[in-house]
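Next up, coords02.cif (mmCIF, C-alpha atoms):
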```
data_data
loop_
_atom_site.label_atom_id
_atom_site.label_comp_id
_atom_site.auth_asym_id
_atom_site.auth_seq_id
_atom_site.Cartn_x
_atom_site.Cartn_y
_atom_site.Cartn_z
CA MET A 627 -45.26 -3.56 3.93
CA ARG A 628 -45.00 -4.43 7.61
CA LEU A 629 -43.56 -2.02 10.13
CA LEU A 630 -41.34 -4.30 12.18
CA LYS A 631 -39.26 -2.07 14.38
CA ILE A 632 -38.85 1.52 15.53
CA LEU A 633 -35.57 2.60 17.07
CA LYS A 634 -34.89 5.98 18.64
CA LEU A 635 -31.30 7.13 18.58
CA VAL A 636 -29.74 10.30 19.91
CA THR A 637 -26.15 10.08 18.68
CA ALA A 638 -23.99 12.24 16.43
CA GLY A 639 -26.88 14.57 15.59
CA PHE A 640 -29.40 11.88 14.66
CA ALA A 641 -32.68 12.25 16.52
CA LEU A 642 -34.85 9.48 15.09
CA LEU A 643 -34.27 6.43 12.96
CA THR A 644 -37.20 4.35 11.76
CA PHE A 645 -36.77 0.93 10.15
CA MET A 646 -39.43 -0.25 7.70
CA VAL A 647 -38.82 -3.80 6.53
CA THR A 648 -40.88 -6.16 4.44
CA SER A 649 -41.04 -9.86 5.06
CA PRO A 650 -37.64 -11.46 4.31
CA ALA A 651 -39.43 -14.22 2.39
CA ALA A 652 -40.54 -11.66 -0.19
CA ALA A 653 -37.00 -10.68 -1.17
CA ARG A 654 -35.68 -12.25 -4.38
CA ILE A 655 -32.37 -10.46 -4.87
CA VAL A 656 -29.20 -11.80 -3.27
CA VAL A 657 -25.69 -10.47 -3.94
CA ASP A 658 -23.07 -13.18 -3.35
CA VAL A 659 -20.03 -11.55 -1.74
CA ASN A 660 -18.10 -14.85 -1.83
CA ARG A 661 -17.94 -15.14 -5.61
CA GLY A 662 -14.88 -14.12 -7.51
CA HIS A 663 -15.26 -11.89 -10.54
CA ALA A 664 -19.07 -11.56 -10.68
CA ASP A 665 -21.09 -9.09 -12.74
CA PRO A 666 -22.20 -6.17 -10.54
CA LEU A 667 -25.93 -6.03 -9.83
CA PRO A 668 -27.65 -3.22 -11.77
CA ILE A 669 -29.37 -0.79 -9.39
CA ALA A 670 -31.22 2.44 -10.18
CA ILE A 671 -30.53 5.17 -7.61
CA THR A 672 -32.72 8.26 -7.95
CA ASP A 673 -32.13 11.66 -6.41
CA LEU A 674 -33.98 12.16 -3.15
CA VAL A 675 -36.96 14.36 -3.97
CA GLY A 676 -36.83 17.74 -2.22
CA SER A 677 -37.87 21.36 -2.60
CA GLU A 678 -35.55 23.82 -4.30
CA ASN A 679 -37.35 26.65 -2.45
CA ASP A 680 -36.32 25.44 1.02
CA ILE A 681 -32.83 26.79 1.65
CA VAL A 682 -30.42 25.58 4.32
CA SER A 683 -26.72 26.23 4.84
CA GLY A 684 -24.89 25.05 1.73
CA GLY A 685 -27.79 25.02 -0.72
CA SER A 686 -31.39 24.04 -1.26
CA VAL A 687 -33.00 20.90 0.12
CA LYS A 688 -33.16 19.62 -3.45
CA ASP A 689 -29.38 20.06 -3.73
CA TYR A 690 -28.86 17.96 -0.62
CA GLY A 691 -31.06 15.23 -2.08
CA GLN A 692 -28.88 15.11 -5.18
CA ARG A 693 -25.64 15.07 -3.17
CA ILE A 694 -26.80 12.21 -0.97
CA ALA A 695 -27.73 10.13 -4.03
CA LEU A 696 -24.31 10.76 -5.61
CA VAL A 697 -22.48 9.55 -2.49
CA ILE A 698 -24.66 6.42 -2.31
CA LYS A 699 -23.90 5.67 -5.98
CA ALA A 700 -20.16 6.14 -5.41
CA ASN A 701 -20.12 3.93 -2.31
CA LEU A 702 -22.00 1.04 -3.89
CA THR A 703 -20.07 1.24 -7.17
CA ARG A 704 -16.75 1.26 -5.32
CA SER A 705 -17.73 -1.98 -3.56
CA GLY A 706 -17.65 -3.73 -6.93
CA LEU A 707 -20.94 -5.49 -6.20
CA PHE A 708 -23.28 -2.93 -7.74
CA ARG A 709 -23.58 -1.02 -11.03
CA SER A 710 -25.49 2.24 -10.90
CA ILE A 711 -27.68 2.74 -13.98
CA ASP A 712 -27.24 6.05 -15.81
CA PRO A 713 -30.11 8.42 -14.89
CA GLU A 714 -30.41 9.34 -18.59
CA ALA A 715 -31.95 5.91 -19.10
CA PHE A 716 -34.68 6.42 -16.50
CA ILE A 717 -38.26 6.33 -17.85
CA ARG A 718 -40.33 9.05 -16.21
CA SER A 719 -44.07 8.55 -15.78
CA GLY A 720 -46.68 9.28 -13.13
CA THR A 721 -46.48 11.77 -10.28
CA ILE A 722 -43.58 12.08 -7.85
CA GLU A 723 -45.70 10.73 -4.98
CA GLU A 724 -46.83 7.72 -7.05
CA ASN A 725 -43.25 6.90 -7.98
CA LEU A 726 -42.09 7.09 -4.37
CA ARG A 727 -44.81 4.88 -2.89
CA ASN A 728 -45.72 2.66 -5.83
CA PRO A 729 -43.02 2.56 -8.52
CA ASN A 730 -43.85 1.48 -12.06
CA PHE A 731 -41.75 -1.67 -11.99
CA ASN A 732 -42.18 -2.28 -15.72
CA ASN A 733 -40.35 0.98 -16.44
CA TRP A 734 -37.43 -0.08 -14.25
CA LYS A 735 -37.36 -3.61 -15.71
CA ALA A 736 -37.22 -2.09 -19.19
CA ILE A 737 -33.86 -0.43 -18.44
CA GLY A 738 -32.41 -3.55 -16.82
CA ALA A 739 -32.63 -2.55 -13.16
CA HIS A 740 -32.83 -5.36 -10.62
CA ALA A 741 -33.16 -3.01 -7.66
CA LEU A 742 -34.39 0.55 -7.18
CA MET A 743 -33.64 3.12 -4.49
CA ASN A 744 -35.83 6.19 -4.20
CA GLY A 745 -36.73 8.61 -1.43
CA SER A 746 -37.37 12.14 -0.29
CA ILE A 747 -35.80 14.91 1.78
CA SER A 748 -37.53 17.81 3.51
CA LEU A 749 -36.79 20.66 5.89
CA GLN A 750 -38.33 20.55 9.38
CA GLU A 751 -39.40 23.55 11.46
CA ASP A 752 -36.46 23.09 13.82
CA GLY A 753 -33.94 23.30 10.95
CA ARG A 754 -33.25 19.59 10.70
CA LEU A 755 -33.58 17.51 7.57
CA LYS A 756 -35.92 14.54 7.32
CA VAL A 757 -34.44 11.97 4.96
CA GLU A 758 -36.39 8.90 3.82
CA PHE A 759 -35.45 6.18 1.40
CA ARG A 760 -36.89 2.88 0.16
CA LEU A 761 -35.19 -0.05 -1.50
CA TRP A 762 -37.29 -2.00 -4.00
CA ASP A 763 -36.91 -5.43 -5.57
CA VAL A 764 -37.78 -4.61 -9.19
CA LEU A 765 -38.07 -8.23 -10.32
CA GLY A 766 -40.10 -9.25 -7.29
CA THR A 767 -42.12 -5.98 -7.34
CA ASN A 768 -41.93 -5.39 -3.59
CA GLN A 769 -40.18 -3.21 -1.04
CA MET A 770 -37.16 -4.71 0.69
CA THR A 771 -36.37 -2.07 3.29
CA GLY A 772 -36.73 1.59 4.15
CA LEU A 773 -35.26 4.10 6.58
CA ARG A 774 -36.12 7.53 7.94
CA TYR A 775 -33.59 9.91 9.53
CA PHE A 776 -33.84 13.30 11.20
CA THR A 777 -30.52 15.14 11.30
CA SER A 778 -28.80 18.49 10.95
CA PRO A 779 -27.71 19.45 7.41
CA LYS A 780 -24.01 19.20 8.33
CA ASN A 781 -24.42 15.42 8.72
CA TRP A 782 -25.68 14.86 5.17
CA ARG A 783 -22.63 12.84 4.06
CA ARG A 784 -22.96 10.50 7.01
CA ILE A 785 -26.64 9.99 6.16
CA ALA A 786 -25.52 8.88 2.69
CA HIS A 787 -23.06 6.41 4.22
CA LEU A 788 -25.71 5.01 6.56
CA ILE A 789 -28.13 4.49 3.66
CA SER A 790 -25.35 2.83 1.66
CA ASP A 791 -24.69 0.47 4.58
CA ALA A 792 -28.40 -0.36 4.83
CA ILE A 793 -28.59 -1.21 1.11
CA TYR A 794 -25.39 -3.26 1.26
CA LYS A 795 -26.63 -5.23 4.26
CA ARG A 796 -30.07 -5.89 2.77
CA MET A 797 -28.62 -7.05 -0.52
CA THR A 798 -25.68 -9.11 0.76
CA GLY A 799 -26.80 -10.20 4.23
CA GLU A 800 -23.63 -8.74 5.75
CA SER A 801 -22.87 -5.45 7.46
CA GLY A 802 -21.63 -2.59 5.31
CA TYR A 803 -18.46 -0.58 5.83
CA PHE A 804 -19.27 2.87 4.45
CA ASP A 805 -19.94 4.70 7.73
CA THR A 806 -16.28 4.43 8.74
CA ARG A 807 -13.06 6.42 8.80
CA VAL A 808 -9.43 5.74 7.93
CA VAL A 809 -6.41 7.02 9.83
CA TYR A 810 -3.07 6.90 8.05
CA ILE A 811 0.39 8.49 7.73
CA SER A 812 0.49 11.41 5.29
CA GLU A 813 3.93 11.79 3.71
CA SER A 814 5.60 14.68 1.89
CA GLY A 815 9.10 15.93 1.08
CA ILE A 816 12.14 14.31 -0.50
CA ALA A 817 12.97 10.68 0.22
CA THR A 818 15.76 11.52 2.66
CA GLN A 819 13.70 14.08 4.61
CA ARG A 820 10.14 12.79 4.67
CA VAL A 821 7.61 14.72 6.73
CA LYS A 822 5.08 12.31 8.24
CA ARG A 823 1.80 13.52 9.71
CA LEU A 824 -1.12 11.71 11.25
CA ALA A 825 -4.23 12.19 9.09
CA ILE A 826 -7.83 11.00 9.16
CA MET A 827 -10.63 10.92 6.58
CA ASP A 828 -13.91 9.22 5.77
CA GLN A 829 -13.54 5.88 3.99
CA ASP A 830 -14.30 7.59 0.67
CA GLY A 831 -11.55 10.21 1.13
CA TYR A 832 -13.74 13.14 2.19
CA ASN A 833 -13.63 15.18 5.42
CA HIS A 834 -9.85 14.95 5.42
CA ILE A 835 -8.03 16.35 8.49
CA PHE A 836 -4.36 16.45 9.52
CA LEU A 837 -4.11 15.53 13.20
CA THR A 838 -0.42 16.35 13.76
CA ASN A 839 1.79 19.10 12.36
CA GLY A 840 4.71 17.01 11.13
CA LYS A 841 7.29 18.30 13.62
CA ASN A 842 7.65 14.83 15.11
CA LEU A 843 7.81 11.57 13.21
CA VAL A 844 4.63 9.49 13.61
CA LEU A 845 4.11 5.82 12.76
CA THR A 846 1.62 2.93 12.97
CA PRO A 847 -1.72 4.57 13.91
CA ARG A 848 -4.47 2.18 15.05
CA PHE A 849 -8.11 2.73 16.04
CA SER A 850 -9.70 1.76 19.33
CA PRO A 851 -12.81 -0.47 19.13
CA THR A 852 -15.00 2.61 19.73
CA ALA A 853 -13.39 4.49 16.80
CA GLN A 854 -12.96 7.50 19.13
CA GLU A 855 -9.29 6.99 20.03
CA ILE A 856 -6.12 6.28 18.11
CA THR A 857 -2.91 4.78 19.43
CA TYR A 858 0.29 5.54 17.54
CA LEU A 859 4.04 5.80 17.85
CA SER A 860 5.76 9.19 17.79
CA TYR A 861 9.37 10.31 18.15
CA HIS A 862 9.81 13.27 20.49
CA ASN A 863 13.42 14.48 20.74
CA ASP A 864 14.37 11.20 19.06
CA ASP A 865 12.71 9.20 21.85
CA PRO A 866 9.92 6.81 20.75
CA ARG A 867 6.70 7.18 22.71
CA VAL A 868 3.32 5.53 22.42
CA TYR A 869 0.44 8.02 22.43
CA LEU A 870 -3.33 7.93 22.73
CA TYR A 871 -5.19 10.53 20.66
CA ASN A 872 -8.85 11.36 21.31
CA ILE A 873 -10.46 12.26 17.97
CA ASP A 874 -13.36 14.23 19.43
CA SER A 875 -11.34 16.41 21.83
CA GLY A 876 -8.01 16.45 19.98
CA LYS A 877 -6.21 15.70 23.23
CA GLN A 878 -3.09 13.55 23.27
CA GLU A 879 -1.89 11.41 26.14
CA ILE A 880 1.43 9.64 26.54
CA LEU A 881 0.73 5.98 27.09
CA GLY A 882 4.22 5.42 28.41
CA ASP A 883 7.94 5.98 28.09
CA PHE A 884 9.60 2.68 27.38
CA PRO A 885 13.27 1.77 27.46
CA GLY A 886 14.55 1.03 23.98
CA MET A 887 12.44 1.08 20.83
CA THR A 888 8.70 0.44 20.77
CA PHE A 889 6.80 -0.63 17.66
CA ALA A 890 3.29 -1.20 16.29
CA PRO A 891 0.96 -0.51 19.24
CA ARG A 892 -2.55 -1.91 18.73
CA PHE A 893 -5.70 -2.02 20.88
CA SER A 894 -7.22 -5.23 22.20
CA PRO A 895 -10.78 -5.92 20.94
CA ASP A 896 -12.31 -4.68 24.22
CA GLY A 897 -10.19 -1.50 24.15
CA ASN A 898 -8.78 -2.12 27.63
CA LYS A 899 -5.27 -3.09 26.56
CA VAL A 900 -2.60 -2.08 24.07
CA ILE A 901 -0.31 -4.74 22.66
CA MET A 902 3.04 -3.80 21.12
CA SER A 903 6.59 -4.94 20.50
CA GLN A 904 9.47 -3.46 22.44
CA ALA A 905 13.19 -3.70 21.74
CA TYR A 906 15.34 -3.77 24.86
CA LYS A 907 19.07 -4.46 24.91
CA GLY A 908 18.94 -5.60 21.31
CA ASN A 909 16.03 -8.00 21.81
CA SER A 910 12.50 -7.37 20.53
CA ASP A 911 9.55 -9.06 22.25
CA ILE A 912 5.76 -8.69 22.55
CA TYR A 913 4.31 -6.82 25.53
CA VAL A 914 0.79 -5.88 26.58
CA MET A 915 -0.27 -2.93 28.75
CA GLU A 916 -3.44 -2.59 30.82
CA LEU A 917 -4.69 0.94 30.06
CA ARG A 918 -6.37 1.41 33.43
CA THR A 919 -3.41 0.42 35.60
CA ARG A 920 -0.57 0.93 33.07
CA LYS A 921 0.68 -2.50 34.16
CA ILE A 922 2.89 -4.17 31.54
CA GLN A 923 3.12 -7.91 30.89
CA ARG A 924 5.73 -9.55 28.70
CA LEU A 925 4.27 -12.21 26.38
CA THR A 926 7.33 -13.49 24.47
CA SER A 927 10.94 -14.02 25.52
CA HIS A 928 13.19 -15.00 22.67
CA THR A 929 16.49 -13.92 21.16
CA ALA A 930 14.72 -13.40 17.82
CA ILE A 931 12.74 -10.32 16.70
CA ASP A 932 9.05 -10.65 17.63
CA THR A 933 6.88 -7.80 16.36
CA SER A 934 3.58 -6.67 14.74
CA PRO A 935 1.15 -8.32 17.20
CA SER A 936 -2.59 -8.44 16.51
CA TYR A 937 -5.38 -9.92 18.65
CA SER A 938 -8.05 -12.31 17.40
CA PRO A 939 -11.57 -10.79 17.68
CA ASP A 940 -12.34 -12.88 20.77
CA SER A 941 -9.02 -11.84 22.42
CA ARG A 942 -8.04 -15.49 22.96
CA PHE A 943 -5.12 -15.47 20.54
CA VAL A 944 -2.42 -13.20 19.15
CA THR A 945 -0.72 -13.36 15.76
CA PHE A 946 2.71 -11.81 15.22
CA ASN A 947 5.73 -12.14 12.99
CA SER A 948 9.14 -13.39 14.07
CA ASP A 949 12.44 -14.54 12.61
CA ARG A 950 12.90 -17.13 15.35
CA GLY A 951 12.79 -19.88 12.72
CA GLY A 952 15.58 -18.31 10.65
CA SER A 953 13.40 -16.15 8.40
CA GLN A 954 10.54 -13.71 8.93
CA GLN A 955 7.35 -15.77 9.36
CA ILE A 956 3.89 -15.54 10.96
CA TYR A 957 3.10 -17.15 14.31
CA VAL A 958 0.03 -17.56 16.51
CA MET A 959 0.00 -17.91 20.30
CA SER A 960 -2.49 -17.68 23.13
CA SER A 961 -3.14 -14.22 24.57
CA LYS A 962 -1.07 -15.32 27.58
CA GLY A 963 1.97 -15.96 25.38
CA LYS A 964 1.64 -19.77 25.44
CA ASN A 965 1.52 -22.44 22.68
CA ILE A 966 3.44 -20.49 20.04
CA LYS A 967 2.96 -22.04 16.59
CA ARG A 968 4.30 -21.05 13.18
CA ILE A 969 1.53 -20.86 10.56
CA SER A 970 3.27 -19.52 7.39
CA PHE A 971 5.34 -21.92 5.31
CA GLY A 972 5.38 -20.42 1.81
CA LYS A 973 8.47 -19.16 0.04
CA GLY A 974 9.75 -15.72 0.96
CA ARG A 975 9.25 -13.55 4.05
CA TYR A 976 5.97 -12.81 5.83
CA SER A 977 5.13 -9.75 7.94
CA THR A 978 2.40 -7.40 9.29
CA PRO A 979 -0.20 -10.06 10.19
CA VAL A 980 -3.66 -8.65 11.05
CA TRP A 981 -6.58 -10.73 12.26
CA SER A 982 -9.87 -10.28 10.39
CA PRO A 983 -12.80 -8.79 12.38
CA ARG A 984 -14.70 -11.95 11.43
CA GLY A 985 -11.98 -14.12 12.97
CA ASP A 986 -11.75 -16.44 9.99
CA LEU A 987 -8.62 -15.08 8.28
CA ILE A 988 -5.30 -13.36 8.91
CA ALA A 989 -4.07 -10.81 6.35
CA PHE A 990 -0.34 -10.37 5.80
CA THR A 991 2.43 -8.94 3.65
CA ARG A 992 4.61 -11.41 1.75
CA GLN A 993 7.91 -10.62 0.04
CA TYR A 994 9.31 -13.00 -2.56
CA LYS A 995 11.72 -12.56 -5.50
CA GLY A 996 11.64 -8.77 -5.42
CA LYS A 997 7.85 -8.53 -5.29
CA PHE A 998 5.49 -7.70 -2.46
CA TYR A 999 2.07 -9.27 -2.01
CA ILE A 1000 -0.96 -8.79 0.20
CA GLY A 1001 -2.51 -12.11 1.11
CA VAL A 1002 -4.76 -13.95 3.54
CA MET A 1003 -4.65 -17.33 5.26
CA ARG A 1004 -6.69 -19.15 7.87
CA PRO A 1005 -5.49 -18.94 11.49
CA ASP A 1006 -4.02 -22.44 11.17
CA GLY A 1007 -2.03 -21.39 8.08
CA SER A 1008 -4.18 -23.22 5.53
CA GLY A 1009 -5.90 -21.71 2.50
CA GLU A 1010 -3.28 -19.08 1.70
CA ARG A 1011 -4.34 -16.73 -1.12
CA LEU A 1012 -2.48 -13.75 -2.58
CA LEU A 1013 -4.74 -10.79 -3.41
CA SER A 1014 -2.35 -8.15 -4.76
CA GLU A 1015 1.13 -7.89 -6.25
CA SER A 1016 3.44 -4.95 -6.98
CA PHE A 1017 6.86 -3.45 -6.46
CA LEU A 1018 5.88 -2.77 -2.82
CA ASP A 1019 2.50 -3.59 -1.24
CA GLU A 1020 2.42 -3.51 2.55
CA GLY A 1021 0.45 -2.83 5.73
CA PRO A 1022 -2.98 -4.50 5.30
CA THR A 1023 -5.96 -3.32 7.36
CA TRP A 1024 -9.47 -4.80 7.34
CA SER A 1025 -12.82 -3.16 6.71
CA PRO A 1026 -15.06 -3.76 9.75
CA ASN A 1027 -17.09 -6.40 7.91
CA GLY A 1028 -13.97 -8.35 6.93
CA ARG A 1029 -14.71 -8.17 3.19
CA VAL A 1030 -12.24 -5.51 1.98
CA ILE A 1031 -8.55 -4.94 2.71
CA MET A 1032 -6.79 -1.59 2.49
CA PHE A 1033 -3.00 -1.34 2.14
CA PHE A 1034 -0.35 1.03 0.84
CA ARG A 1035 1.54 0.69 -2.42
CA GLN A 1036 4.83 2.39 -3.32
CA GLN A 1037 5.89 2.94 -6.90
CA PRO A 1038 9.54 2.29 -7.85
CA TYR A 1039 12.02 5.11 -8.34
CA ASP A 1040 13.57 5.59 -11.78
CA ASN A 1041 17.30 5.80 -12.43
CA LYS A 1042 17.22 9.54 -11.65
CA GLY A 1043 15.56 9.07 -8.30
CA ARG A 1044 12.14 10.22 -9.48
CA GLY A 1045 8.91 8.46 -8.65
CA GLY A 1046 8.45 6.50 -5.47
CA GLU A 1047 4.91 7.78 -4.85
CA THR A 1048 3.03 5.98 -2.09
CA GLN A 1049 -0.75 5.62 -2.18
CA LEU A 1050 -3.53 3.76 -0.40
CA TRP A 1051 -5.34 0.98 -2.24
CA THR A 1052 -8.19 -1.40 -1.54
CA VAL A 1053 -8.91 -4.91 -2.78
CA ASP A 1054 -11.81 -7.20 -1.95
CA LEU A 1055 -11.41 -10.59 -0.37
CA THR A 1056 -11.74 -12.37 -3.72
CA GLY A 1057 -8.70 -10.54 -5.11
CA TYR A 1058 -10.76 -8.41 -7.51
CA ASN A 1059 -11.89 -4.77 -7.53
CA GLU A 1060 -8.52 -3.20 -6.77
CA ARG A 1061 -8.96 0.58 -6.35
CA GLN A 1062 -6.78 3.53 -5.38
CA MET A 1063 -7.81 5.83 -2.53
CA ILE A 1064 -7.28 9.51 -3.31
CA THR A 1065 -5.36 11.48 -0.66
CA PRO A 1066 -3.94 15.04 -0.72
CA LEU A 1067 -0.34 13.82 -0.37
CA ASP A 1068 1.44 10.48 -0.35
CA ALA A 1069 -0.07 8.04 2.11
CA SER A 1070 1.04 4.93 3.99
CA ASP A 1071 0.21 2.66 6.92
CA PRO A 1072 -3.60 2.89 6.93
CA ALA A 1073 -5.92 1.70 9.70
CA TRP A 1074 -9.64 1.21 9.09
CA SER A 1075 -12.04 2.16 11.88
CA PRO A 1076 -14.96 0.08 13.15
CA LEU A 1077 -18.42 1.29 12.14
CA ILE A 1078 -19.05 4.70 13.72
CA ARG A 1079 -21.68 4.55 16.46
#
```

The structure in this file should be written as structure tokens.
Amino acid sequence: MRLLKILKLVTAGFALLTFMVTSPAAARIVVDVNRGHADPLPIAITDLVGSENDIVSGGSVKDYGQRIALVIKANLTRSGLFRSIDPEAFIRSGTIEENLRNPNFNNWKAIGAHALMNGSISLQEDGRLKVEFRLWDVLGTNQMTGLRYFTSPKNWRRIAHLISDAIYKRMTGESGYFDTRVVYISESGIATQRVKRLAIMDQDGYNHIFLTNGKNLVLTPRFSPTAQEITYLSYHNDDPRVYLYNIDSGKQEILGDFPGMTFAPRFSPDGNKVIMSQAYKGNSDIYVMELRTRKIQRLTSHTAIDTSPSYSPDSRFVTFNSDRGGSQQIYVMSSKGKNIKRISFGKGRYSTPVWSPRGDLIAFTRQYKGKFYIGVMRPDGSGERLLSESFLDEGPTWSPNGRVIMFFRQQPYDNKGRGGETQLWTVDLTGYNERQMITPLDASDPAWSPLIR
């Protein structure tokens, strides 16, 4: 093993992070994220070894080691790229220290593991936890990567997400998406009197918090590039207002009072602007506001409805949907509002376009013959693929690595008006691995955060 890099971080309770990486040429395992329905790679994930005699808030150090391993297993399994081997199949031999530093690869090969994660957890004198893990190539019999963290016990779930991201990146070559959050609209009540609250949670559904009390209708929440602020639309005394919400402080700020209706505010990639659609005197166009000066610039001027704008990652272009061609379709223009081009030409109506963080695709909602679909296409409109289909699928949002899309799905009502539940779902870019997100109440209009820094 070669120690390549040491990084010291002092953010979110993490005092030290050490990277231990072997030579890339030694790695034999590669997970292809571009394949369609591929068999998940079998990985053995052991509990982090810790003392049951060292007690911290919430349990023993050993308990924390088990919890962290469970979250890592759940994250990797949910990605669809990995299959966690049942611990009942593990072959135990040798001492704990031997297994941590020099695993018996024959034992792991015997149960079909291609990769192995092991590690340890211990309590420091200052009350922090030291968490270490190593990722091993079982077939190549070498270490692929390792990490060491020092953190307070309350951050144990985030440690698990960071380790999951490290494994995902080492195995796929691309950034993970587990150390992220999701903001969405929580819904309750009967169909004619829905209570809608702003809610936030970790990407796996834990650490759920309601951010608003439901007194005022809230819509279309979106994260800033720093993941510390949210912009959203709220109705106060029946007047639509665009708000900024600081997650850390809980403070809200009115971005502006606009004449007419305002829809779908969204941050620019640098976080310095908010782009939105605004209806004035019966006409809906795209506007952008400079957050520092509150100066507003109009980007489109057309008798049609222009709405749902989204910047490209480099801020050079904007995609939006419009019915200027006679039906609801997707368009792309420069960030100055020039060179407007239609890019969707399939049957049906297109809406809610969102540019991928990678810049290579635009996700959208398509409605055709009573069905709703979530799909993707290239920015020039080529390569359209539909990833999901149901009675009502809508509102796509990208994971920060551009490999997974989250959306909301509504079930149909029966002839007695029952049903109609709305839930969050995810699907990977290949159209496989569709999974429901569990939320306390009905959920709609999700927005995925960037990686937390």

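Once the PyMOL selection byres ((chain A and resi 767) around 10) is applied to the depicted file, the selected set reads Ala652, Ala653, Arg654, Asn728, Pro729, Asn730, Phe731, Asn732, Lys735, His740, Ala741, Trp762, Asp763, Val764, Leu765, Gly766, Asn768, Gln769 and Met770 of chain A.
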
Selection in question (the file shown): the PyMOL selection byres ((chain A and resi 1032-1043) around 6). Which residues does it include, as a VMD selection string?
chain A and resid 1018 to 1023 1031 1044 to 1052 1070

Matched chain/residue IDs from the PyMOL selection byres ((chain A and resi 988) around 7), as a PyMOL selection string:
chain A and resi 979-982+987+989-990+1002-1005

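One finds atom CA of A:Arg867 at 10.8 Å from atom CA of A:Asn842.
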
When you draw a straight line from atom CA of A:Asp828 to atom CA of A:Val808, how long is it in Å?
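It comes out at 6.1 Å.
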
Measure the distance from atom CA of A:Ala905 to atom CA of A:Val809 in Å and round it to one decimal.
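Here the two named atoms are 25.3 Å from each other.
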
Give the answer as one residue: which of A:Gly908, A:Pro779, A:Gly831, A:Gly706 has the shortest atom-to-atom distance to A:Thr888, using all atoms listed in the file?
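Residue with the minimum atom-to-atom distance to A:Thr888: A:Gly908.
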
Non-local contacts of A:Asp864 (9 Å; all atoms listed in the file; under 3 positions in same chain excluded) as a PDB file with C-alpha atoms, in the frame of the given file:
```
ATOM      1  CA  ASN A 842       7.650  14.830  15.110  1.00  0.00           C
ATOM      2  CA  LEU A 843       7.810  11.570  13.210  1.00  0.00           C
ATOM      3  CA  SER A 860       5.760   9.190  17.790  1.00  0.00           C
ATOM      4  CA  TYR A 861       9.370  10.310  18.150  1.00  0.00           C
TER       5      TYR A 861
END
```

Only C-alpha atoms, as a short mmCIF file (atom, residue, chain, number, x, y, z; two decimals), in the first residue's frame: that is what I want for stretch 987-1013 of chain A.
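And here's out-v2.cif as it stands now:
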```cif
data_model
loop_
_atom_site.label_atom_id
_atom_site.label_comp_id
_atom_site.auth_asym_id
_atom_site.auth_seq_id
_atom_site.Cartn_x
_atom_site.Cartn_y
_atom_site.Cartn_z
CA LEU A 987 -28.70 15.13 -21.01
CA ILE A 988 -31.98 16.89 -20.24
CA ALA A 989 -34.61 15.02 -18.21
CA PHE A 990 -38.28 15.71 -18.83
CA THR A 991 -41.88 14.66 -18.28
CA ARG A 992 -43.81 13.40 -21.32
CA GLN A 993 -47.56 12.88 -21.51
CA TYR A 994 -49.03 10.73 -24.28
CA LYS A 995 -52.29 8.75 -24.60
CA GLY A 996 -53.22 9.03 -20.94
CA LYS A 997 -49.80 7.95 -19.66
CA PHE A 998 -46.97 9.93 -18.12
CA TYR A 999 -43.29 9.16 -18.68
CA ILE A 1000 -39.96 10.31 -17.31
CA GLY A 1001 -37.37 10.48 -20.06
CA VAL A 1002 -34.04 11.94 -21.13
CA MET A 1003 -32.67 13.40 -24.35
CA ARG A 1004 -29.49 15.11 -25.45
CA PRO A 1005 -29.46 18.93 -25.48
CA ASP A 1006 -29.95 18.88 -29.25
CA GLY A 1007 -33.04 16.66 -28.88
CA SER A 1008 -31.43 13.46 -30.13
CA GLY A 1009 -31.25 10.13 -28.30
CA GLU A 1010 -34.60 10.37 -26.52
CA ARG A 1011 -35.19 7.50 -24.06
CA LEU A 1012 -38.15 6.90 -21.75
CA LEU A 1013 -37.16 5.57 -18.32
#
```
